[in-house]
file run.txt (compact mmCIF, C-alpha atoms)
# COMPACT_ATOMS: atom_id res chain seq x y z
CA MET A 1 -15.08 2.20 57.12
CA THR A 2 -14.84 0.33 53.83
CA ASN A 3 -14.47 -3.43 53.80
CA ASN A 4 -10.73 -3.69 53.14
CA ALA A 5 -10.96 -7.22 51.83
CA LEU A 6 -13.19 -6.18 48.92
CA PHE A 7 -10.44 -6.50 46.31
CA ASN A 8 -9.60 -10.07 47.35
CA ASN A 9 -12.79 -11.41 45.76
CA THR A 10 -11.35 -13.27 42.76
CA GLU A 11 -14.65 -14.83 41.74
CA VAL A 12 -16.02 -11.36 40.91
CA ALA A 13 -12.67 -10.12 39.59
CA PHE A 14 -12.27 -12.85 36.97
CA SER A 15 -15.93 -13.68 36.32
CA LEU A 16 -15.55 -12.79 32.62
CA LYS A 17 -12.44 -14.89 32.06
CA SER A 18 -12.69 -18.42 30.74
CA ASP A 19 -10.27 -21.01 32.14
CA SER A 20 -8.03 -20.66 29.10
CA GLU A 21 -7.99 -16.82 29.38
CA LEU A 22 -7.09 -17.17 33.05
CA GLU A 23 -4.21 -19.48 32.08
CA ARG A 24 -3.01 -16.95 29.48
CA ALA A 25 -3.09 -14.17 32.09
CA TYR A 26 -1.10 -16.37 34.48
CA PHE A 27 1.49 -17.07 31.79
CA LEU A 28 1.79 -13.37 30.80
CA PHE A 29 2.17 -11.98 34.31
CA LYS A 30 4.68 -14.71 35.12
CA MET A 31 6.71 -13.57 32.10
CA ILE A 32 6.38 -9.89 33.00
CA SER A 33 7.47 -10.58 36.58
CA LYS A 34 10.91 -11.59 35.30
CA GLU A 35 12.45 -8.25 34.39
CA PRO A 36 15.37 -9.45 32.20
CA LEU A 37 12.82 -11.49 30.25
CA VAL A 38 10.79 -8.33 29.59
CA ARG A 39 13.90 -6.61 28.23
CA ILE A 40 14.78 -9.54 25.97
CA GLY A 41 11.16 -10.02 24.90
CA THR A 42 10.63 -6.35 24.02
CA ALA A 43 13.93 -6.18 22.10
CA VAL A 44 13.11 -9.32 20.11
CA THR A 45 9.56 -8.10 19.44
CA LYS A 46 10.76 -4.69 18.21
CA PHE A 47 13.31 -6.34 15.95
CA ALA A 48 10.82 -8.87 14.55
CA LEU A 49 8.20 -6.22 13.82
CA ASN A 50 10.66 -3.81 12.22
CA ALA A 51 12.04 -6.63 10.07
CA SER A 52 8.43 -7.61 9.16
CA LEU A 53 8.95 -11.14 10.50
CA PRO A 54 5.68 -13.09 10.87
CA VAL A 55 5.17 -12.56 14.61
CA GLU A 56 1.91 -10.59 14.54
CA GLY A 57 -0.20 -13.71 15.00
CA LEU A 58 1.74 -14.75 18.08
CA ILE A 59 1.62 -11.23 19.56
CA ARG A 60 -2.07 -10.97 18.74
CA SER A 61 -2.99 -14.19 20.52
CA THR A 62 -0.94 -13.44 23.66
CA VAL A 63 0.01 -9.97 24.88
CA PHE A 64 -2.14 -7.99 22.40
CA ASP A 65 -5.43 -9.74 23.16
CA HIS A 66 -4.78 -9.54 26.89
CA PHE A 67 -4.09 -5.77 26.99
CA CYS A 68 -6.01 -4.52 23.91
CA GLY A 69 -9.59 -4.56 22.69
CA GLY A 70 -8.81 -5.11 19.02
CA VAL A 71 -7.34 -3.59 15.87
CA ASN A 72 -10.24 -1.18 15.26
CA GLU A 73 -13.36 0.13 17.02
CA GLU A 74 -15.71 -2.55 15.69
CA ASP A 75 -13.25 -5.21 16.79
CA CYS A 76 -13.61 -3.92 20.38
CA LEU A 77 -17.39 -4.26 20.56
CA PRO A 78 -17.55 -7.82 21.98
CA VAL A 79 -15.14 -6.80 24.78
CA ILE A 80 -17.06 -3.56 25.46
CA ASP A 81 -20.41 -5.36 25.62
CA LYS A 82 -19.05 -8.19 27.75
CA MET A 83 -17.53 -5.84 30.36
CA TYR A 84 -20.70 -3.78 30.48
CA THR A 85 -22.70 -6.84 31.58
CA LYS A 86 -20.71 -6.46 34.82
CA GLY A 87 -21.23 -2.68 35.00
CA VAL A 88 -17.76 -1.76 33.74
CA SER A 89 -17.72 0.94 31.03
CA SER A 90 -15.03 1.36 28.36
CA VAL A 91 -12.82 4.28 27.32
CA LEU A 92 -11.64 3.51 23.79
CA ASP A 93 -7.99 4.52 23.60
CA TYR A 94 -6.48 4.74 20.11
CA SER A 95 -2.98 3.85 21.30
CA VAL A 96 -0.90 4.67 18.24
CA GLU A 97 2.04 6.81 19.36
CA GLY A 98 4.78 8.97 17.92
CA LYS A 99 3.12 10.49 14.85
CA ALA A 100 4.41 13.82 13.57
CA SER A 101 2.81 14.99 10.30
CA GLU A 102 -0.22 17.23 9.77
CA ALA A 103 -1.93 14.43 7.83
CA GLN A 104 -1.42 12.07 10.78
CA PHE A 105 -2.79 14.68 13.22
CA ASP A 106 -5.86 15.11 11.02
CA ASP A 107 -6.28 11.33 10.90
CA ALA A 108 -6.10 11.19 14.70
CA LEU A 109 -8.74 13.94 14.91
CA GLU A 110 -11.07 12.00 12.58
CA LYS A 111 -10.47 8.87 14.65
CA ILE A 112 -11.50 10.64 17.89
CA LEU A 113 -14.58 12.23 16.24
CA LYS A 114 -15.56 8.78 14.97
CA ILE A 115 -15.19 7.35 18.48
CA ILE A 116 -17.42 10.14 19.90
CA ARG A 117 -20.13 9.29 17.35
CA PHE A 118 -19.61 5.64 18.26
CA CYS A 119 -19.99 6.47 21.98
CA GLU A 120 -23.28 8.24 21.41
CA GLU A 121 -24.84 4.95 20.31
CA ARG A 122 -23.58 2.94 23.27
CA GLU A 123 -24.27 3.51 26.93
CA ALA A 124 -21.19 1.41 27.73
CA MET A 125 -18.87 4.14 26.33
CA PRO A 126 -19.46 7.47 28.13
CA ILE A 127 -15.87 8.76 27.79
CA VAL A 128 -13.20 9.33 25.09
CA VAL A 129 -9.50 10.08 25.47
CA PHE A 130 -6.65 11.59 23.47
CA LYS A 131 -3.10 12.86 24.00
CA PRO A 132 -2.21 16.50 23.25
CA THR A 133 0.64 15.30 21.00
CA GLY A 134 -1.88 13.21 19.05
CA PHE A 135 -3.07 16.54 17.61
CA GLY A 136 0.21 18.42 17.17
CA ARG A 137 3.98 18.34 17.37
CA PHE A 138 5.66 17.93 20.76
CA TYR A 139 8.13 20.64 19.76
CA LEU A 140 5.38 23.28 19.51
CA TYR A 141 3.97 22.50 22.95
CA GLU A 142 7.52 22.62 24.30
CA LYS A 143 8.28 25.98 22.66
CA LYS A 144 5.05 27.52 23.96
CA SER A 145 5.66 26.07 27.44
CA GLU A 146 9.04 27.81 27.52
CA GLY A 147 7.38 31.10 26.58
CA LEU A 148 9.28 31.36 23.28
CA ARG A 149 7.77 33.19 20.32
CA LEU A 150 6.49 31.05 17.48
CA SER A 151 7.29 31.85 13.85
CA ILE A 152 4.38 32.78 11.56
CA GLU A 153 4.28 29.20 10.19
CA GLU A 154 4.40 27.76 13.71
CA GLU A 155 1.63 30.11 14.82
CA GLU A 156 -0.54 28.78 11.99
CA GLU A 157 0.36 25.23 12.97
CA TRP A 158 -0.55 25.96 16.60
CA ASN A 159 -3.90 27.39 15.51
CA ARG A 160 -4.63 24.12 13.73
CA ILE A 161 -3.97 22.26 17.01
CA VAL A 162 -6.40 24.60 18.81
CA THR A 163 -9.01 23.99 16.08
CA ARG A 164 -8.65 20.20 16.50
CA PHE A 165 -9.19 20.53 20.25
CA HIS A 166 -12.29 22.67 19.69
CA LYS A 167 -13.76 20.21 17.18
CA VAL A 168 -13.47 17.32 19.62
CA CYS A 169 -14.73 19.21 22.67
CA LYS A 170 -17.62 20.80 20.77
CA MET A 171 -18.85 17.46 19.41
CA ALA A 172 -18.35 15.82 22.82
CA LYS A 173 -20.55 18.47 24.43
CA GLU A 174 -23.23 18.04 21.76
CA LYS A 175 -23.24 14.25 22.20
CA ASP A 176 -22.82 14.40 26.01
CA VAL A 177 -19.58 12.38 25.99
CA GLU A 178 -16.77 13.22 28.41
CA VAL A 179 -13.27 13.90 27.05
CA LEU A 180 -10.13 12.95 28.99
CA ILE A 181 -6.99 14.70 27.77
CA ASP A 182 -3.89 12.79 28.85
CA GLY A 183 -0.90 14.34 30.60
CA GLU A 184 2.57 14.17 29.06
CA GLU A 185 6.11 15.33 29.88
CA SER A 186 6.43 18.33 32.23
CA TRP A 187 8.43 20.45 29.77
CA MET A 188 5.53 20.58 27.32
CA GLN A 189 2.68 20.36 29.80
CA SER A 190 2.03 24.01 30.65
CA ALA A 191 1.07 24.79 27.03
CA ALA A 192 -1.26 21.79 27.11
CA ASP A 193 -2.65 22.88 30.51
CA ASP A 194 -3.45 26.37 29.19
CA LEU A 195 -5.12 24.95 26.11
CA VAL A 196 -7.22 22.46 28.09
CA GLU A 197 -8.22 25.17 30.59
CA ASP A 198 -9.44 27.24 27.67
CA MET A 199 -11.53 24.28 26.51
CA MET A 200 -13.02 24.01 30.02
CA ARG A 201 -14.00 27.71 29.87
CA HIS A 202 -15.80 27.07 26.60
CA TYR A 203 -17.42 23.70 27.17
CA ASN A 204 -17.66 23.09 30.95
CA THR A 205 -20.31 25.73 31.55
CA GLU A 206 -23.04 23.47 33.01
CA LYS A 207 -20.95 20.42 33.92
CA ALA A 208 -17.54 18.88 33.25
CA ILE A 209 -17.20 17.62 29.68
CA VAL A 210 -13.47 18.34 29.27
CA TYR A 211 -10.99 16.76 31.72
CA ASN A 212 -7.31 17.60 32.09
CA THR A 213 -4.85 15.16 33.71
CA LEU A 214 -3.12 15.84 37.00
CA GLN A 215 0.12 13.83 37.32
CA LEU A 216 0.60 13.74 41.05
CA TYR A 217 4.14 12.41 41.06
CA ARG A 218 4.88 16.09 40.33
CA TRP A 219 5.21 18.09 43.55
CA ASP A 220 3.77 21.28 42.00
CA ARG A 221 0.44 19.86 40.82
CA LEU A 222 -1.64 20.38 43.95
CA ASP A 223 -0.90 24.12 43.89
CA TYR A 224 -1.77 24.18 40.19
CA LEU A 225 -5.11 22.50 40.93
CA LYS A 226 -5.99 24.95 43.72
CA ALA A 227 -5.14 27.97 41.54
CA LEU A 228 -7.22 26.54 38.68
CA HIS A 229 -10.11 25.99 41.10
CA GLN A 230 -10.02 29.66 42.14
CA ARG A 231 -10.08 30.79 38.48
CA ALA A 232 -12.94 28.40 37.68
CA LYS A 233 -15.02 29.68 40.60
CA LYS A 234 -14.38 33.29 39.59
CA GLU A 235 -15.13 32.74 35.91
CA GLY A 236 -17.99 30.28 36.38
CA PHE A 237 -16.82 27.07 34.71
CA LYS A 238 -16.56 23.50 36.00
CA ILE A 239 -13.33 21.51 36.22
CA GLY A 240 -12.87 17.96 35.01
CA MET A 241 -9.71 16.25 36.30
CA LYS A 242 -8.28 12.80 35.76
CA ILE A 243 -5.77 12.10 38.51
CA VAL A 244 -2.87 9.67 38.05
CA ARG A 245 0.47 9.17 39.68
CA GLY A 246 2.35 9.55 36.38
CA ALA A 247 4.16 7.64 33.66
CA TYR A 248 7.41 9.42 32.74
CA MET A 249 9.37 9.34 36.00
CA GLU A 250 12.75 8.03 34.77
CA LYS A 251 12.69 10.34 31.75
CA GLU A 252 11.76 13.36 33.92
CA ARG A 253 14.52 12.74 36.44
CA GLU A 254 17.17 12.11 33.80
CA ARG A 255 16.33 15.30 31.91
CA ALA A 256 16.36 17.40 35.11
CA GLU A 257 19.76 15.97 36.04
CA THR A 258 21.23 16.43 32.54
CA LEU A 259 20.01 20.02 32.20
CA GLY A 260 20.65 20.90 35.84
CA TYR A 261 17.22 21.98 37.09
CA LYS A 262 15.22 20.77 40.07
CA SER A 263 13.39 17.54 39.28
CA PRO A 264 9.62 18.08 38.99
CA ILE A 265 9.08 14.61 40.50
CA CYS A 266 8.43 13.96 44.20
CA GLU A 267 11.52 12.60 45.93
CA THR A 268 10.00 9.32 47.11
CA LYS A 269 7.15 6.95 46.35
CA ALA A 270 5.67 7.70 49.80
CA ILE A 271 5.55 11.45 49.05
CA THR A 272 3.93 10.72 45.67
CA ASP A 273 1.30 8.52 47.35
CA GLN A 274 0.56 11.26 49.89
CA ASN A 275 0.34 13.86 47.12
CA PHE A 276 -2.08 11.65 45.16
CA ASN A 277 -4.26 11.09 48.22
CA ASP A 278 -4.24 14.82 49.08
CA GLY A 279 -5.30 15.66 45.53
CA LEU A 280 -8.04 13.03 45.70
CA GLN A 281 -9.32 14.45 48.97
CA TYR A 282 -9.23 18.07 47.76
CA ILE A 283 -11.29 17.21 44.66
CA LEU A 284 -13.86 15.09 46.50
CA GLU A 285 -14.29 17.85 49.09
CA ASN A 286 -15.07 20.20 46.17
CA ASN A 287 -17.24 17.67 44.34
CA THR A 288 -19.77 20.23 43.08
CA ASP A 289 -17.05 22.25 41.29
CA ILE A 290 -14.65 19.48 40.21
CA SER A 291 -15.45 16.15 38.57
CA ILE A 292 -12.87 13.42 38.99
CA PHE A 293 -11.66 10.37 37.08
CA ILE A 294 -9.49 8.41 39.54
CA GLY A 295 -6.92 6.65 37.36
CA THR A 296 -5.18 4.26 39.71
CA HIS A 297 -4.17 0.63 40.25
CA ASN A 298 -3.40 1.39 43.90
CA GLU A 299 -5.79 -0.42 46.24
CA LYS A 300 -5.17 1.91 49.21
CA SER A 301 -6.09 4.97 47.15
CA CYS A 302 -9.30 3.26 45.99
CA TYR A 303 -10.25 2.39 49.57
CA LEU A 304 -9.52 5.99 50.58
CA ALA A 305 -11.76 7.31 47.79
CA MET A 306 -14.58 5.00 48.90
CA ASP A 307 -14.20 6.14 52.54
CA LEU A 308 -14.15 9.83 51.55
CA MET A 309 -17.24 9.43 49.36
CA ASN A 310 -18.98 7.81 52.30
CA GLN A 311 -17.95 10.56 54.75
CA LEU A 312 -18.88 13.34 52.30
CA HIS A 313 -22.23 11.70 51.41
CA ILE A 314 -21.30 11.41 47.73
CA SER A 315 -23.46 8.78 46.07
CA LYS A 316 -21.62 5.79 44.55
CA SER A 317 -23.33 6.50 41.23
CA ASP A 318 -22.55 10.27 41.22
CA ASN A 319 -21.38 11.00 37.66
CA ASN A 320 -18.79 13.44 39.06
CA VAL A 321 -16.76 10.47 40.35
CA TRP A 322 -15.29 7.71 38.15
CA PHE A 323 -12.69 5.06 38.87
CA GLY A 324 -10.46 3.88 36.02
CA GLN A 325 -7.97 1.10 35.36
CA LEU A 326 -6.27 -0.26 32.25
CA TYR A 327 -7.77 -3.21 30.40
CA GLY A 328 -5.91 -6.42 31.23
CA MET A 329 -4.81 -5.16 34.65
CA SER A 330 -6.32 -4.82 38.14
CA ASP A 331 -9.57 -6.60 37.35
CA HIS A 332 -9.83 -7.25 41.09
CA ILE A 333 -10.27 -3.48 41.57
CA SER A 334 -12.45 -2.68 38.54
CA PHE A 335 -14.99 -5.48 38.76
CA ASN A 336 -15.33 -5.46 42.55
CA LEU A 337 -15.89 -1.67 42.54
CA ALA A 338 -18.47 -2.00 39.76
CA GLU A 339 -20.27 -4.76 41.64
CA GLN A 340 -20.55 -2.40 44.61
CA GLY A 341 -22.25 0.18 42.37
CA TYR A 342 -19.39 2.63 41.70
CA ASN A 343 -18.77 4.20 38.27
CA VAL A 344 -15.88 2.27 36.72
CA ALA A 345 -14.30 2.46 33.28
CA LYS A 346 -11.49 0.48 31.73
CA TYR A 347 -9.07 2.16 29.31
CA LEU A 348 -9.37 -0.09 26.26
CA PRO A 349 -6.41 0.36 23.88
CA PHE A 350 -6.86 -0.52 20.22
CA GLY A 351 -5.09 -0.08 16.90
CA PRO A 352 -3.09 -2.09 14.34
CA VAL A 353 -0.84 -4.63 16.13
CA LYS A 354 2.38 -3.12 14.81
CA ASP A 355 1.37 0.46 15.69
CA VAL A 356 0.22 -0.42 19.22
CA MET A 357 3.40 -2.34 20.12
CA PRO A 358 5.27 0.75 21.48
CA TYR A 359 2.34 1.26 23.87
CA LEU A 360 2.33 -2.41 24.93
CA ILE A 361 6.09 -2.44 25.45
CA ARG A 362 5.80 0.64 27.66
CA ARG A 363 3.06 -1.10 29.67
CA ALA A 364 5.20 -4.22 30.18
CA GLU A 365 8.15 -2.10 31.29
CA GLU A 366 5.98 0.04 33.60
CA ASN A 367 4.51 -3.10 35.12
CA THR A 368 7.88 -4.52 36.02
CA SER A 369 8.98 -1.20 37.52
CA VAL A 370 5.92 -0.98 39.81
CA ALA A 371 7.08 -3.13 42.69
CA GLY A 372 4.43 -5.55 43.83
CA GLN A 373 1.91 -4.84 41.04
CA THR A 374 2.74 -7.92 38.97
CA ASN A 375 3.12 -10.15 42.03
CA ARG A 376 -0.30 -9.07 43.27
CA GLU A 377 -1.86 -9.93 39.88
CA LEU A 378 -0.15 -13.35 39.98
CA GLU A 379 -1.26 -14.07 43.54
CA LEU A 380 -4.91 -13.29 42.66
CA ILE A 381 -4.81 -15.40 39.50
CA LYS A 382 -3.36 -18.32 41.50
CA THR A 383 -6.16 -17.95 44.07
CA GLU A 384 -8.78 -18.05 41.32
CA ARG A 385 -7.16 -21.07 39.61
CA LYS A 386 -7.27 -22.89 42.94
CA ARG A 387 -10.92 -21.87 43.50
CA ARG A 388 -11.87 -23.16 40.04
CA LYS A 389 -9.59 -26.20 40.39
CA VAL A 390 -7.99 -25.32 37.03
call {"tool": "encode", "arguments": {"input": "run.txt", "output": "structure tokens"}}
result
Amino acid sequence: MTNNALFNNTEVAFSLKSDSELERAYFLFKMISKEPLVRIGTAVTKFALNASLPVEGLIRSTVFDHFCGGVNEEDCLPVIDKMYTKGVSSVLDYSVEGKASEAQFDDALEKILKIIRFCEEREAMPIVVFKPTGFGRFYLYEKKSEGLRLSIEEEEEWNRIVTRFHKVCKMAKEKDVEVLIDGEESWMQSAADDLVEDMMRHYNTEKAIVYNTLQLYRWDRLDYLKALHQRAKKEGFKIGMKIVRGAYMEKERERAETLGYKSPICETKAITDQNFNDGLQYILENNTDISIFIGTHNEKSCYLAMDLMNQLHISKSDNNVWFGQLYGMSDHISFNLAEQGYNVAKYLPFGPVKDVMPYLIRRAEENTSVAGQTNRELELIKTERKRRKV
């Protein structure tokens, strides 16, 4: 059995943080732990940014620098290099959301291609990530997911999305960089799933380069995974899968209720946790066919993964198994896993302060809605402050 006190080691967890960075983290998580404060803070921030009030400096020196790597790729290099000294890799995440024009989609494509070229030069960056809607309109994915016919113009637009996917996956395969494609809302996801599966057929011939995302707060995802596995075995391609619990729960439930269909979300947190752990186990048991990126801040799921790897004789350094957390959160998981020799990568968001704010606001809100997450961060930071006598 795994040592279940591993994640309590705060000396390892915060080894890269100076005393002043530790104090900033303490201040931030204390703020985030007060939910009404988060609501007021996010509202004020949105207003100030939209009104072009001079708040960027303040945001930059507090919440932005804690949760983001920088405003551009080069800006992130000191953070990437510093984390890699402790064995933690980086997944550069261009976190600019809500774009909708062809020019913006082409810009996003160029950004991802640039990051892949950037990754090739640095061992510390073996993985890139993008969202399906970074490369095309949500509406098109939704229309295709519903099985509706596209107009001639829409068909051409869809083909441009497919071309963008191919460009990224092709270059990633040439440069030996893995590509994680994020999951989004259920009502557009099946079009994205089909497209990503097609990329796997093309590019995952020898090993997994292209990874889809399995959102396991959805009760239908385990069946989807098993069916995909059967197709992959029959057709001779490998599967790459990032597993997460999911990020759109309230939105999913509200839409299902409004439109009167069965919610795609598991009824309880306990069922979601079980679903996640079952998915984790299924993939690790089929480790030669399916590569996994375990995207979780849940300690129990990490301990389970470690136990399963041990039982199934999967080496800690097996490239088919990665653990991932977000930058600025759960350092006690990331750095302690890396110290034990596991493959660990932090999602490192970057982009202009104003453009990344919607992402940061979502993170703050998500953090307050995950019961216990913020309190656990605070408790660990307090322990480390005491240990250092800060």
call {"tool": "atom_distance", "arguments": {"input": "run.txt", "atom1": "atom CA of Ala345 of chain A", "atom2": "atom CA of Val128 of chain A"}}
result
10.7 Å
call {"tool": "residues_around", "arguments": {"input": "run.txt", "residues": "segment 25-39 of chain A", "least_positions_apart": "2", "cutoff": "12 Å", "atoms": "all atoms listed in the file", "output": "PyMOL selection string"}}
result
chain A and resi 14+17-23+41-46+59+61-67+328-331+360-385+390
call {"tool": "closest_residue", "arguments": {"input": "run.txt", "among": "A:Glu206, A:Glu123, A:Asp220, A:Glu267", "to": "Lys238 of chain A", "atoms": "all atoms listed in the file"}}
result
A:Glu206
call {"tool": "residues_around", "arguments": {"input": "run.txt", "residues": "Lys269 of chain A", "least_positions_apart": "5", "cutoff": "12 Å", "atoms": "only C-alpha atoms", "output": "list in words"}}
result
Leu216, Tyr217, Arg218, Trp219, Arg245, Gly246, Met249, Gln274, Asn275, Phe276, Val370 and Ala371 of chain A
call {"tool": "axis_aligned_box", "arguments": {"input": "run.txt", "around": "segment 378-381 of chain A", "padding_each_side": "8 Å", "output": "AutoDock Vina command-line options"}}
result
--center_x -2.5 --center_y -14.3 --center_z 41.5 --size_x 20.8 --size_y 18.1 --size_z 20.0
call {"tool": "atom_distance", "arguments": {"input": "run.txt", "atom1": "atom CA of Lys173 of chain A", "atom2": "atom CA of Leu113 of chain A"}}
result
11.9 Å
call {"tool": "residues_around", "arguments": {"input": "run.txt", "residues": "segment 99-104 of chain A", "least_positions_apart": "4", "cutoff": "8 Å", "atoms": "only C-alpha atoms", "output": "PyMOL selection string"}}
result
chain A and resi 108+134+136-137
call {"tool": "residues_around", "arguments": {"input": "run.txt", "residues": "Tyr347 of chain A", "least_positions_apart": "5", "cutoff": "7 Å", "atoms": "only C-alpha atoms", "output": "list in words"}}
result
Ser90, Val91, Leu92, Asp93, Gln325, Leu326 and Tyr327 of chain A
call {"tool": "write_last_selection", "arguments": {"input": "run.txt", "atoms": "C-alpha atoms", "output": "PDB file, in the frame of the given file"}}
result
ATOM      1  CA  SER A  90     -15.030   1.360  28.360  1.00  0.00           C
ATOM      2  CA  VAL A  91     -12.820   4.280  27.320  1.00  0.00           C
ATOM      3  CA  LEU A  92     -11.640   3.510  23.790  1.00  0.00           C
ATOM      4  CA  ASP A  93      -7.990   4.520  23.600  1.00  0.00           C
ATOM      5  CA  GLN A 325      -7.970   1.100  35.360  1.00  0.00           C
ATOM      6  CA  LEU A 326      -6.270  -0.260  32.250  1.00  0.00           C
ATOM      7  CA  TYR A 327      -7.770  -3.210  30.400  1.00  0.00           C
TER       8      TYR A 327
END
call {"tool": "atom_distance", "arguments": {"input": "run.txt", "atom1": "atom CA of Met241 of chain A", "atom2": "atom CA of Ile333 of chain A"}}
result
20.4 Å
call {"tool": "closest_residue", "arguments": {"input": "run.txt", "among": "A:Val344, A:Ile209, A:Ile40, A:Val177", "to": "Met83 of chain A", "atoms": "only C-alpha atoms"}}
result
A:Val344
call {"tool": "build_atoms", "arguments": {"input": "run.txt", "residues": "segment 207-222 of chain A", "atoms": "N, CA and C atoms", "output": "mmCIF file, in the frame of the given file"}}
result
data_model
loop_
_atom_site.group_PDB
_atom_site.id
_atom_site.type_symbol
_atom_site.label_atom_id
_atom_site.label_comp_id
_atom_site.auth_asym_id
_atom_site.auth_seq_id
_atom_site.Cartn_x
_atom_site.Cartn_y
_atom_site.Cartn_z
ATOM 1 N N LYS A 207 -21.577 21.541 33.205
ATOM 2 C CA LYS A 207 -20.950 20.420 33.920
ATOM 3 C C LYS A 207 -19.630 20.111 33.225
ATOM 4 N N ALA A 208 -18.855 19.209 33.833
ATOM 5 C CA ALA A 208 -17.540 18.880 33.250
ATOM 6 C C ALA A 208 -17.701 17.959 32.062
ATOM 7 N N ILE A 209 -17.287 18.441 30.891
ATOM 8 C CA ILE A 209 -17.200 17.620 29.680
ATOM 9 C C ILE A 209 -15.718 17.353 29.409
ATOM 10 N N VAL A 210 -14.904 18.417 29.563
ATOM 11 C CA VAL A 210 -13.470 18.340 29.270
ATOM 12 C C VAL A 210 -12.694 18.114 30.570
ATOM 13 N N TYR A 211 -11.817 17.106 30.549
ATOM 14 C CA TYR A 211 -10.990 16.760 31.720
ATOM 15 C C TYR A 211 -9.511 16.913 31.362
ATOM 16 N N ASN A 212 -8.769 17.598 32.217
ATOM 17 C CA ASN A 212 -7.310 17.600 32.090
ATOM 18 C C ASN A 212 -6.765 16.433 32.917
ATOM 19 N N THR A 213 -5.456 16.224 32.888
ATOM 20 C CA THR A 213 -4.850 15.160 33.710
ATOM 21 C C THR A 213 -3.866 15.771 34.684
ATOM 22 N N LEU A 214 -3.996 15.368 35.936
ATOM 23 C CA LEU A 214 -3.120 15.840 37.000
ATOM 24 C C LEU A 214 -2.160 14.698 37.349
ATOM 25 N N GLN A 215 -0.865 14.887 37.026
ATOM 26 C CA GLN A 215 0.120 13.830 37.320
ATOM 27 C C GLN A 215 0.727 14.125 38.685
ATOM 28 N N LEU A 216 0.275 13.363 39.679
ATOM 29 C CA LEU A 216 0.600 13.740 41.050
ATOM 30 C C LEU A 216 1.931 13.216 41.567
ATOM 31 N N TYR A 217 2.748 12.639 40.661
ATOM 32 C CA TYR A 217 4.140 12.410 41.060
ATOM 33 C C TYR A 217 4.921 13.716 40.929
ATOM 34 N N ARG A 218 4.283 14.751 40.395
ATOM 35 C CA ARG A 218 4.880 16.090 40.330
ATOM 36 C C ARG A 218 4.492 16.864 41.590
ATOM 37 N N TRP A 219 5.485 17.429 42.273
ATOM 38 C CA TRP A 219 5.210 18.090 43.550
ATOM 39 C C TRP A 219 4.479 19.429 43.400
ATOM 40 N N ASP A 220 4.409 19.968 42.174
ATOM 41 C CA ASP A 220 3.770 21.280 42.000
ATOM 42 C C ASP A 220 2.291 21.198 41.600
ATOM 43 N N ARG A 221 1.772 19.985 41.432
ATOM 44 C CA ARG A 221 0.440 19.860 40.820
ATOM 45 C C ARG A 221 -0.726 20.233 41.729
ATOM 46 N N LEU A 222 -0.549 20.058 43.029
ATOM 47 C CA LEU A 222 -1.640 20.380 43.950
ATOM 48 C C LEU A 222 -1.869 21.893 43.968
#
